[in-house]
Amino acid sequence: MITELGHFALVLAFLVAIVQAVVPLIGAAKRWPGWMAVAEPAATTQFLLTAFSFLALTWAFVTSDFSLRLVVLNSHSAKPLIYKISGTWGNHEGSMLLWVLILTFFGAMAAWFGSNLPPTLRARVLAVQSSIAVAFFAFILFTSNPFLRMAVPPFDGQDLNPLLQDPGLAFHPPFLYLGYVGLSMSFSFAVAALIEGRVDAAWARWVRPWTLAAWIFLTIGIALGSWWAYYELGWGGFWFWDPVENASFMPWLFAAALLHSAIVVEKREALKSWTVLLAILAFGFSLIGTFIVRSGIITSVHAFANDPERGVFILAILAAFTGGALTLFAARAQAMEAKGVFGMISRESALVMNNIFLAVSSMVIFVGTVWPVVAELAFDRKLSVGPPFFDMAFTPFVIALAVILPVGSMLPWKRGSLAKTMLPLWPVLGLSVALAGLAYAMTTGESAVGPLGVLLGVWVFGGALVDLWRRTGRGTGRLRRLRRLPGADWGKAVAHAGLGITIFAICALVAWQQEDIRVAQPGEPFTVGRYDLILHDVTSARGPNYLSTVGEIHVFRNGEEITRLFPEKRNYPVARMPTTEAAIDYRFLRDLYVVIGDAQAGGGWTVRTYIKPFANWIWGGCIIMALGGLLSLTDRRFRVAAGARKAPAAGVPAE
C-alpha cells in the first residue's frame with residue numbers, strides 16, 4: 001500500500017511541477033500577482049510529495065519488500081541496515097528519485113527564503129526550476145519507474161553491488177547530487193535574469209550563495225568518492241581520471257569559476273555575460289555527467305545504467321535546457337553590457353585569468369573524456385585516453401592558477417600595483433623557494449614533482465594567511481579585528497589554504513610514495529622502506545552477507561611492533577562478485593597501505609604494500625576547502641536582502 005501511495009505521490013508531484021512551470025511564468029509576463037504567487041505553495045507541495053515518494057521507496061528497501069522489482073535487483077534480506085537504506089539510491093531508478101528530491105528541495109528553499117527577491121524574478125526562478133523538475137519527473141515515470149511490481153515476488157533479492165556496500169559510497173552520492181543539482185539554482189537564476197533582460201550586482205549577490213552551497217557539496221562528494229576509491233578498490237590510488245570522476249570534476253571547476261566571476265559582477269558590474277554563461281555551463285556539465293553515467297556510452301565502476309534509450313532521453317533534456325538557455329543568452333547579449341572598467345593589473349584581471357584557467361582546464365578534461373567515443377563513432381577507431389594525457393594536460397593549469405592566486409586575491413579593484421602587492425608576499429615566496437630547495441636536496445635523483453608541490457603548496461597556503469592578516473589593518477588590536485572579519489574573508493582564506501594543502505599532498509604522494517609487490521610466505525619477514533612486515537597468518541571469516549579471506553600482518557619499526565593490519569578479500573555469494581578491502585595504518589605524515597591477493601601454487605600469498613606520504617592531507621585539504629566555503633556562506637551579507645536593485649540603464653529593457 002505504501003509503495004502505491006509513493007507512486008501516486010510521484011505522479012501528483014509531476015502534475016504540480018507542470019503547473020509551477022507554467023502559471024508563474026505567465027503571471028510574471030502579465031504582472032499578475034495572483035498567478036506569480038502560485039509558485040511558492042507549488043514549490044513546497046512539489047517537494048513534500050517527492051519526499052513522501054522517496055520515503056516510501058526507502059521503506060520498501062528497509063523492510064525488504066521483494067514485491068518491488070527494484071528491491072529485488074538491489075537488496076537482500078541479509079544485508080546490513082545501512083546498506084539497505086543506501087540501496088535506495090545505489091541504483092539508477094532510486095538515484096534519479098533522489099536527484100529529483102534534491103531538485104525540488106532547492107526549489108522549495110528558494111520559495112521559503114526568497115522573500116527578498118523581486119516578485120517577477122522569484123516567480124521566474126521558481127518556474128525555470130520547476131521546468132527542470134518536469135523533465136526529470138517525466139524521465140522517471142516514463143523510463144525509470146522505481147515502483148514497478150514483480151508478478152511473482154521471489155523469496156529473496158539479488159543484493160546490492162558489493163562495491164557500493166561501503167560507508168563512503170553510502171554518503172558519496174547524496175553529497176554529489178546536492179552539488180550537481182544545486183547548480184540548477186544558478187542556472188534558474190541565470191535564465192530568469194535573461195528573461196527579464198537584467199543582470200546586476202544584486203543578481204550576483206543572490207546567485208552566489210546557491211552556487212557556493214553547490215560547490216561545497218560537490219567538494220565533499222568528490223572527496224568522499226576519491227577516499228572510497230583509495231581504500232576500497234585496492235589499487236592504491238585516489239584518482240584515475242575515470243570518465244565518471246571527470247563528470248563530477250568538470251562542474252566543480254565551472255562552479256569555482258562562477259563563484260569568482262560573480263564577485264566581479266557584484267563588486268564592479270563587469271563580466272556579466274561571462275558570469276551568466278558560466279551559470280549555464282556549470283549546470284549543463286552536471287547534465288553531461290548524468291548522461292555519461294546513465295547512457296551506457298562508457299564503462300565504469302561508477303556507472304549506474306547501461307541503457308541507450310534512457311541516454312537519449314537525458315540527451316534530449318540536456319539539449320533542451322542547455323541549448324535553450326544558450327539561445328536565450330545570445331538573444332539577450334546586448335542587455336548585459338558591462339559597466340566596470342579595470343586595468344590590466346587589478347583584481348578583476350586576476351579573476352578573469354582565474355576563470356580562464358578553470359574553464360579551459362574543464363574543457364580539456366571534457367575533450368579527453370569524450371574523445372574515445374567520438375573517435376569510435378566518427379573514425380571507427382578504438383582509442384584510450386588515460387591518466388598520462390590528463391596529468392600532462394591539466395597540470396599546467398593548476399600550476400598557473402596556484403602561481404597567480406595569492407597575488408590576485410590581494411590586488412586592489414580597478415587598478416593596482418604589482419610591486420606594492422608583492423611587498424608582504426616576498427617572505428612567503430622566499431620561504432616557499434627555501435623549502436622546495438630543501439625538499440629537492442633531500443630527494444636528489446627523484447622526481448621534481450615533490451619539490452614543485454612544496455613550492456606551490458607553501459606559496460598558496462602562506463599567501464592565504466598573509467591576505468587574511470593584511471585585512472586587519474595596521475597598529476594595535478589586529479587580533480581583535482581578525483576575529484571580527486566577515487565570514488567571506490575568513491572563508492576565502494581557509495578555502496585557498498585548503499587548496500594549497502591539497503596541491504602539496506598530491507605532489508608529495510605522487511613523487512615520494514614507495515611500492516612493493518611480492519609473494520609473502522607466512523612467518524617470513526620482508527622490508528618495505530623503514531618497516532619490517534611479517535605475514536603472520538591467513539584465515540577465513542564470514543560476514544553478514546559475504547565470505548572473507550583475512551590476512552594478519554605484523555608491522556615493525558626498529559624492532560618494535562607498531563601495528564597489526566588485516567587486509568581482506570571478500571566474496572559476495574549472492575552477487576557473485578569479489579572485492580578487495582585494503583588494510584591501512586593511518587598516520588599524520590603517511591599511510592601504510594597493504595593489500596592481500598591470491599594464494600600462490602608454490603605457497604605464500606601475493607601481498608602489495610605501499611608507503612604513501614601525506615595521503616590524508618589530500619582529503620584534509622578538500623575538507624578545509626569545503627569549510628572555507630561554509631564560512632563564506634555564514635557571512636551575514638548572504639542572509640540579508642541584497643539591497644534595492646539599480647534602475648536599468650537607458651535603452652535596456654526591463655522585460
# chains A, B, ... in the order shown; residues from 1 in each chain; ligands from 1
>>> select_by_dssp(residues="region 426-519 of chain A", states="strand (DSSP E)", output="PyMOL selection string")
chain A and resi 514-519
>>> residues_around(residues="Phe254 (chain A)", least_positions_apart="2", cutoff="7 Å", atoms="only C-alpha atoms", output="list of chain:residue names")
A:Met250, A:Pro251, A:Trp252, A:Ala256, A:Ala257, A:Leu258, A:Leu278, A:Ala282, A:Leu358, A:Ala359
>>> residues_around(residues="region 17-23 of chain A", least_positions_apart="5", cutoff="8 Å", atoms="only C-alpha atoms", output="list in words")
Trp35, Met36, Val38, Ala39, Ala42, Ala43, Gln46, Leu126, Ala127, Val128, Gln129, Ser130, Ser131, Ala133 and Val134 of chain A
>>> write_last_selection(atoms="N, CA and C atoms", output="tab-separated table (two decimals), in the first residue's frame")
chain	number	residue	atom	x	y	z
A	35	TRP	N	-1.15	34.98	-10.02
A	35	TRP	CA	-0.53	33.89	-10.77
A	35	TRP	C	0.93	33.69	-10.32
A	36	MET	N	1.63	34.80	-10.08
A	36	MET	CA	3.01	34.67	-9.60
A	36	MET	C	3.07	34.02	-8.22
A	38	VAL	N	1.42	31.66	-7.11
A	38	VAL	CA	1.23	30.20	-7.16
A	38	VAL	C	2.57	29.47	-6.95
A	39	ALA	N	3.67	30.13	-7.30
A	39	ALA	CA	4.97	29.45	-7.30
A	39	ALA	C	5.38	28.95	-5.92
A	42	ALA	N	3.28	25.93	-4.59
A	42	ALA	CA	3.51	24.80	-5.52
A	42	ALA	C	4.89	24.19	-5.27
A	43	ALA	N	5.90	25.02	-5.04
A	43	ALA	CA	7.24	24.50	-4.78
A	43	ALA	C	7.28	23.67	-3.50
A	46	GLN	N	5.32	20.39	-4.14
A	46	GLN	CA	6.10	19.50	-5.01
A	46	GLN	C	7.18	18.79	-4.20
A	126	LEU	N	11.53	30.23	-9.86
A	126	LEU	CA	10.83	29.02	-9.44
A	126	LEU	C	10.20	28.29	-10.62
A	127	ALA	N	9.76	29.05	-11.64
A	127	ALA	CA	9.19	28.41	-12.83
A	127	ALA	C	10.25	27.66	-13.61
A	128	VAL	N	11.42	28.27	-13.78
A	128	VAL	CA	12.51	27.59	-14.51
A	128	VAL	C	12.96	26.35	-13.74
A	129	GLN	N	13.08	26.49	-12.41
A	129	GLN	CA	13.48	25.35	-11.59
A	129	GLN	C	12.46	24.21	-11.73
A	130	SER	N	11.19	24.56	-11.77
A	130	SER	CA	10.16	23.53	-11.90
A	130	SER	C	10.14	22.92	-13.29
A	131	SER	N	10.52	23.68	-14.30
A	131	SER	CA	10.56	23.11	-15.65
A	131	SER	C	11.63	22.01	-15.74
A	133	ALA	N	12.40	20.16	-13.18
A	133	ALA	CA	11.77	19.05	-12.47
A	133	ALA	C	10.78	18.32	-13.36
A	134	VAL	N	10.03	19.05	-14.18
A	134	VAL	CA	9.07	18.41	-15.10
A	134	VAL	C	9.79	17.41	-15.99
>>> closest_atom_pairs(of="region 382-417 of chain A", to="region 218-240 of chain A", cutoff="12 Å", atoms="only C-alpha atoms", output="Markdown table")
| residue | atom | partner | partner_atom | distance |
| --- | --- | --- | --- | --- |
| A:Val385 | CA | A:Phe240 | CA | 11.2 |
| A:Gly386 | CA | A:Phe240 | CA | 7.9 |
| A:Pro387 | CA | A:Phe240 | CA | 6.3 |
| A:Pro388 | CA | A:Phe240 | CA | 10.0 |
| A:Phe389 | CA | A:Phe240 | CA | 11.4 |
| A:Phe390 | CA | A:Phe240 | CA | 9.5 |
| A:Asp391 | CA | A:Phe240 | CA | 10.0 |
>>> write_last_selection(atoms="C-alpha atoms", output="CSV table (one decimal), in the first residue's frame")
chain,number,residue,atom,x,y,z
A,385,VAL,CA,42.7,8.4,-23.1
A,386,GLY,CA,44.1,7.7,-19.7
A,387,PRO,CA,45.9,9.3,-16.8
A,388,PRO,CA,49.1,10.3,-18.7
A,389,PHE,CA,47.1,12.6,-21.0
A,390,PHE,CA,45.1,14.2,-18.2
A,391,ASP,CA,48.1,14.6,-16.0
>>> residues_around(residues="Ser384 (chain A)", least_positions_apart="5", cutoff="12 Å", atoms="only C-alpha atoms", output="ChimeraX atom specification")
/A:241-243,298,368-376,389-390
>>> write_last_selection(atoms="C-alpha atoms", output="short mmCIF file (atom, residue, chain, number, x, y, z; two decimals), in the first residue's frame")
data_model
loop_
_atom_site.label_atom_id
_atom_site.label_comp_id
_atom_site.auth_asym_id
_atom_site.auth_seq_id
_atom_site.Cartn_x
_atom_site.Cartn_y
_atom_site.Cartn_z
CA TRP A 241 40.67 10.18 -14.37
CA ASP A 242 37.78 7.76 -14.82
CA PRO A 243 35.05 9.29 -17.07
CA ILE A 298 31.23 4.42 -21.12
CA GLY A 368 39.80 13.91 -23.18
CA THR A 369 36.74 12.21 -21.70
CA VAL A 370 34.56 12.14 -24.82
CA TRP A 371 37.26 11.81 -27.48
CA PRO A 372 37.38 7.98 -27.37
CA VAL A 373 33.63 7.90 -28.03
CA VAL A 374 33.91 10.47 -30.83
CA ALA A 375 36.84 8.59 -32.39
CA GLU A 376 34.93 5.32 -32.38
CA PHE A 389 47.11 12.60 -21.00
CA PHE A 390 45.09 14.21 -18.22
#
>>> residues_around(residues="Ser286 (chain A)", least_positions_apart="2", cutoff="8 Å", atoms="only C-alpha atoms", output="MDAnalysis selection string")
chainID A and resid 180:181 183 247:248 251 282:284 288:290
>>> write_last_selection(atoms="C-alpha atoms", output="PDB file, in the first residue's frame")
ATOM      1  CA  TYR A 180      25.125  18.580  -9.130  1.00  0.00           C
ATOM      2  CA  VAL A 181      21.517  19.580  -8.587  1.00  0.00           C
ATOM      3  CA  LEU A 183      23.853  24.170  -9.671  1.00  0.00           C
ATOM      4  CA  ALA A 247      31.951  14.083 -14.904  1.00  0.00           C
ATOM      5  CA  SER A 248      31.873  15.335 -11.310  1.00  0.00           C
ATOM      6  CA  PRO A 251      31.053  21.052 -12.907  1.00  0.00           C
ATOM      7  CA  ALA A 282      28.022  24.678 -14.823  1.00  0.00           C
ATOM      8  CA  PHE A 283      24.584  23.061 -14.769  1.00  0.00           C
ATOM      9  CA  GLY A 284      24.977  21.954 -18.368  1.00  0.00           C
ATOM     10  CA  ILE A 288      26.506  15.930 -19.196  1.00  0.00           C
ATOM     11  CA  GLY A 289      27.715  13.996 -16.154  1.00  0.00           C
ATOM     12  CA  THR A 290      24.260  12.493 -15.736  1.00  0.00           C
TER      13      THR A 290
END
>>> select_by_dssp(residues="region 36-225 of chain A", states="alpha helix (DSSP H)", output="MDAnalysis selection string")
chainID A and resid 36 39:62 69:74 81:86 92:113 119:143 167:196 201:225
>>> write_last_selection(atoms="C-alpha atoms", output="compact mmCIF listing (two decimals), in the first residue's frame")
# COMPACT_ATOMS: atom_id res chain seq x y z
CA MET A 36 3.01 34.67 -9.60
CA ALA A 39 4.97 29.45 -7.30
CA GLU A 40 5.67 29.36 -3.55
CA PRO A 41 2.99 26.90 -2.38
CA ALA A 42 3.51 24.80 -5.52
CA ALA A 43 7.24 24.50 -4.78
CA THR A 44 6.53 23.40 -1.21
CA THR A 45 3.87 20.93 -2.30
CA GLN A 46 6.10 19.50 -5.01
CA PHE A 47 8.90 18.91 -2.50
CA LEU A 48 6.64 17.29 0.11
CA LEU A 49 5.11 14.92 -2.44
CA THR A 50 8.53 13.93 -3.77
CA ALA A 51 9.84 13.45 -0.22
CA PHE A 52 6.93 11.14 0.58
CA SER A 53 7.59 9.15 -2.60
CA PHE A 54 11.27 8.80 -1.72
CA LEU A 55 10.49 7.74 1.86
CA ALA A 56 8.04 5.14 0.53
CA LEU A 57 10.80 3.66 -1.65
CA THR A 58 13.24 3.74 1.28
CA TRP A 59 10.68 1.89 3.43
CA ALA A 60 10.41 -0.81 0.77
CA PHE A 61 14.18 -1.33 0.92
CA VAL A 62 14.32 -1.30 4.73
CA ARG A 69 11.33 -5.08 -8.76
CA LEU A 70 13.90 -2.50 -7.73
CA VAL A 71 14.29 -4.03 -4.27
CA VAL A 72 14.76 -7.49 -5.76
CA LEU A 73 17.54 -6.28 -8.06
CA ASN A 74 19.38 -4.21 -5.45
CA LEU A 81 20.55 -1.92 7.55
CA ILE A 82 22.77 0.96 6.42
CA TYR A 83 23.21 -0.69 3.03
CA LYS A 84 19.51 -1.42 2.77
CA ILE A 85 18.94 2.32 3.16
CA SER A 86 21.76 3.31 0.81
CA HIS A 92 19.61 4.01 -11.49
CA GLU A 93 15.92 4.44 -10.64
CA GLY A 94 16.38 5.22 -6.97
CA SER A 95 19.25 7.61 -7.61
CA MET A 96 17.11 9.52 -10.10
CA LEU A 97 14.38 9.81 -7.48
CA LEU A 98 16.99 11.19 -5.09
CA TRP A 99 18.06 13.61 -7.84
CA VAL A 100 14.51 14.93 -8.20
CA LEU A 101 14.04 15.07 -4.43
CA ILE A 102 17.08 17.35 -4.14
CA LEU A 103 15.92 19.38 -7.15
CA THR A 104 12.53 20.05 -5.55
CA PHE A 105 14.21 20.72 -2.19
CA PHE A 106 16.28 23.52 -3.70
CA GLY A 107 13.16 24.90 -5.36
CA ALA A 108 11.33 24.86 -2.03
CA MET A 109 14.31 26.55 -0.35
CA ALA A 110 14.15 29.34 -2.93
CA ALA A 111 10.44 29.74 -2.16
CA TRP A 112 10.98 29.73 1.61
CA PHE A 113 13.96 32.09 1.73
CA PRO A 119 8.29 39.16 -7.26
CA THR A 120 8.80 38.74 -11.01
CA LEU A 121 12.32 37.37 -10.65
CA ARG A 122 11.25 34.99 -7.87
CA ALA A 123 8.34 33.70 -9.96
CA ARG A 124 10.59 33.16 -12.98
CA VAL A 125 13.33 31.43 -10.96
CA LEU A 126 10.83 29.02 -9.44
CA ALA A 127 9.19 28.41 -12.83
CA VAL A 128 12.51 27.59 -14.51
CA GLN A 129 13.48 25.35 -11.59
CA SER A 130 10.16 23.53 -11.90
CA SER A 131 10.56 23.11 -15.65
CA ILE A 132 13.74 21.14 -14.94
CA ALA A 133 11.77 19.05 -12.47
CA VAL A 134 9.07 18.41 -15.10
CA ALA A 135 11.68 16.94 -17.44
CA PHE A 136 13.13 14.63 -14.80
CA PHE A 137 9.74 13.59 -13.43
CA ALA A 138 8.84 12.57 -16.98
CA PHE A 139 12.15 10.73 -17.31
CA ILE A 140 11.49 8.76 -14.13
CA LEU A 141 7.83 7.96 -14.75
CA PHE A 142 8.19 7.00 -18.41
CA THR A 143 11.60 5.29 -18.50
CA PRO A 167 30.09 3.75 4.23
CA GLY A 168 31.97 6.02 1.82
CA LEU A 169 29.67 5.08 -1.06
CA ALA A 170 26.61 5.28 1.18
CA PHE A 171 27.15 9.04 1.64
CA HIS A 172 29.05 9.90 -1.55
CA PRO A 173 26.04 10.04 -3.97
CA PRO A 174 23.81 12.28 -1.79
CA PHE A 175 26.57 14.86 -1.38
CA LEU A 176 27.45 14.67 -5.05
CA TYR A 177 23.81 15.14 -6.07
CA LEU A 178 23.44 18.08 -3.69
CA GLY A 179 26.26 19.64 -5.67
CA TYR A 180 25.12 18.58 -9.13
CA VAL A 181 21.52 19.58 -8.59
CA GLY A 182 22.39 22.64 -6.52
CA LEU A 183 23.85 24.17 -9.67
CA SER A 184 20.33 24.09 -11.11
CA MET A 185 19.55 27.11 -8.92
CA SER A 186 22.38 29.08 -10.52
CA PHE A 187 21.00 28.01 -13.90
CA SER A 188 17.47 29.07 -12.93
CA PHE A 189 18.69 32.47 -11.75
CA ALA A 190 20.63 32.93 -14.98
CA VAL A 191 17.70 32.05 -17.23
CA ALA A 192 15.29 34.16 -15.15
CA ALA A 193 17.67 37.13 -15.42
CA LEU A 194 17.95 36.61 -19.18
CA ILE A 195 14.14 36.60 -19.49
CA GLU A 196 13.98 39.85 -17.53
CA ALA A 201 25.12 43.47 -8.64
CA ALA A 202 22.01 42.43 -6.71
CA TRP A 203 21.52 39.43 -9.00
CA ALA A 204 25.13 38.38 -8.43
CA ARG A 205 24.65 38.58 -4.67
CA TRP A 206 21.54 36.42 -4.89
CA VAL A 207 23.15 33.75 -7.07
CA ARG A 208 26.40 33.43 -5.12
CA PRO A 209 25.09 31.61 -2.02
CA TRP A 210 23.34 28.98 -4.15
CA THR A 211 26.48 28.41 -6.20
CA LEU A 212 28.61 28.35 -3.06
CA ALA A 213 26.37 25.74 -1.41
CA ALA A 214 26.52 23.56 -4.53
CA TRP A 215 30.31 23.92 -4.70
CA ILE A 216 30.65 22.90 -1.04
CA PHE A 217 28.57 19.77 -1.55
CA LEU A 218 30.45 18.90 -4.74
CA THR A 219 33.77 19.30 -2.93
CA ILE A 220 32.67 16.94 -0.15
CA GLY A 221 31.13 14.47 -2.62
CA ILE A 222 34.24 14.33 -4.81
CA ALA A 223 36.48 13.95 -1.75
CA LEU A 224 34.33 11.08 -0.43
CA GLY A 225 34.45 9.35 -3.81
>>> residues_around(residues="region 543-559 of chain A", least_positions_apart="6", cutoff="6 Å", atoms="only C-alpha atoms", output="list in words")
Ala78, Tyr531, Asp532, Leu533, Ile534, Leu535, His536, Asp537, Leu565, Phe566, Pro567, Glu568, Lys569, Arg570, Asn571 and Tyr572 of chain A
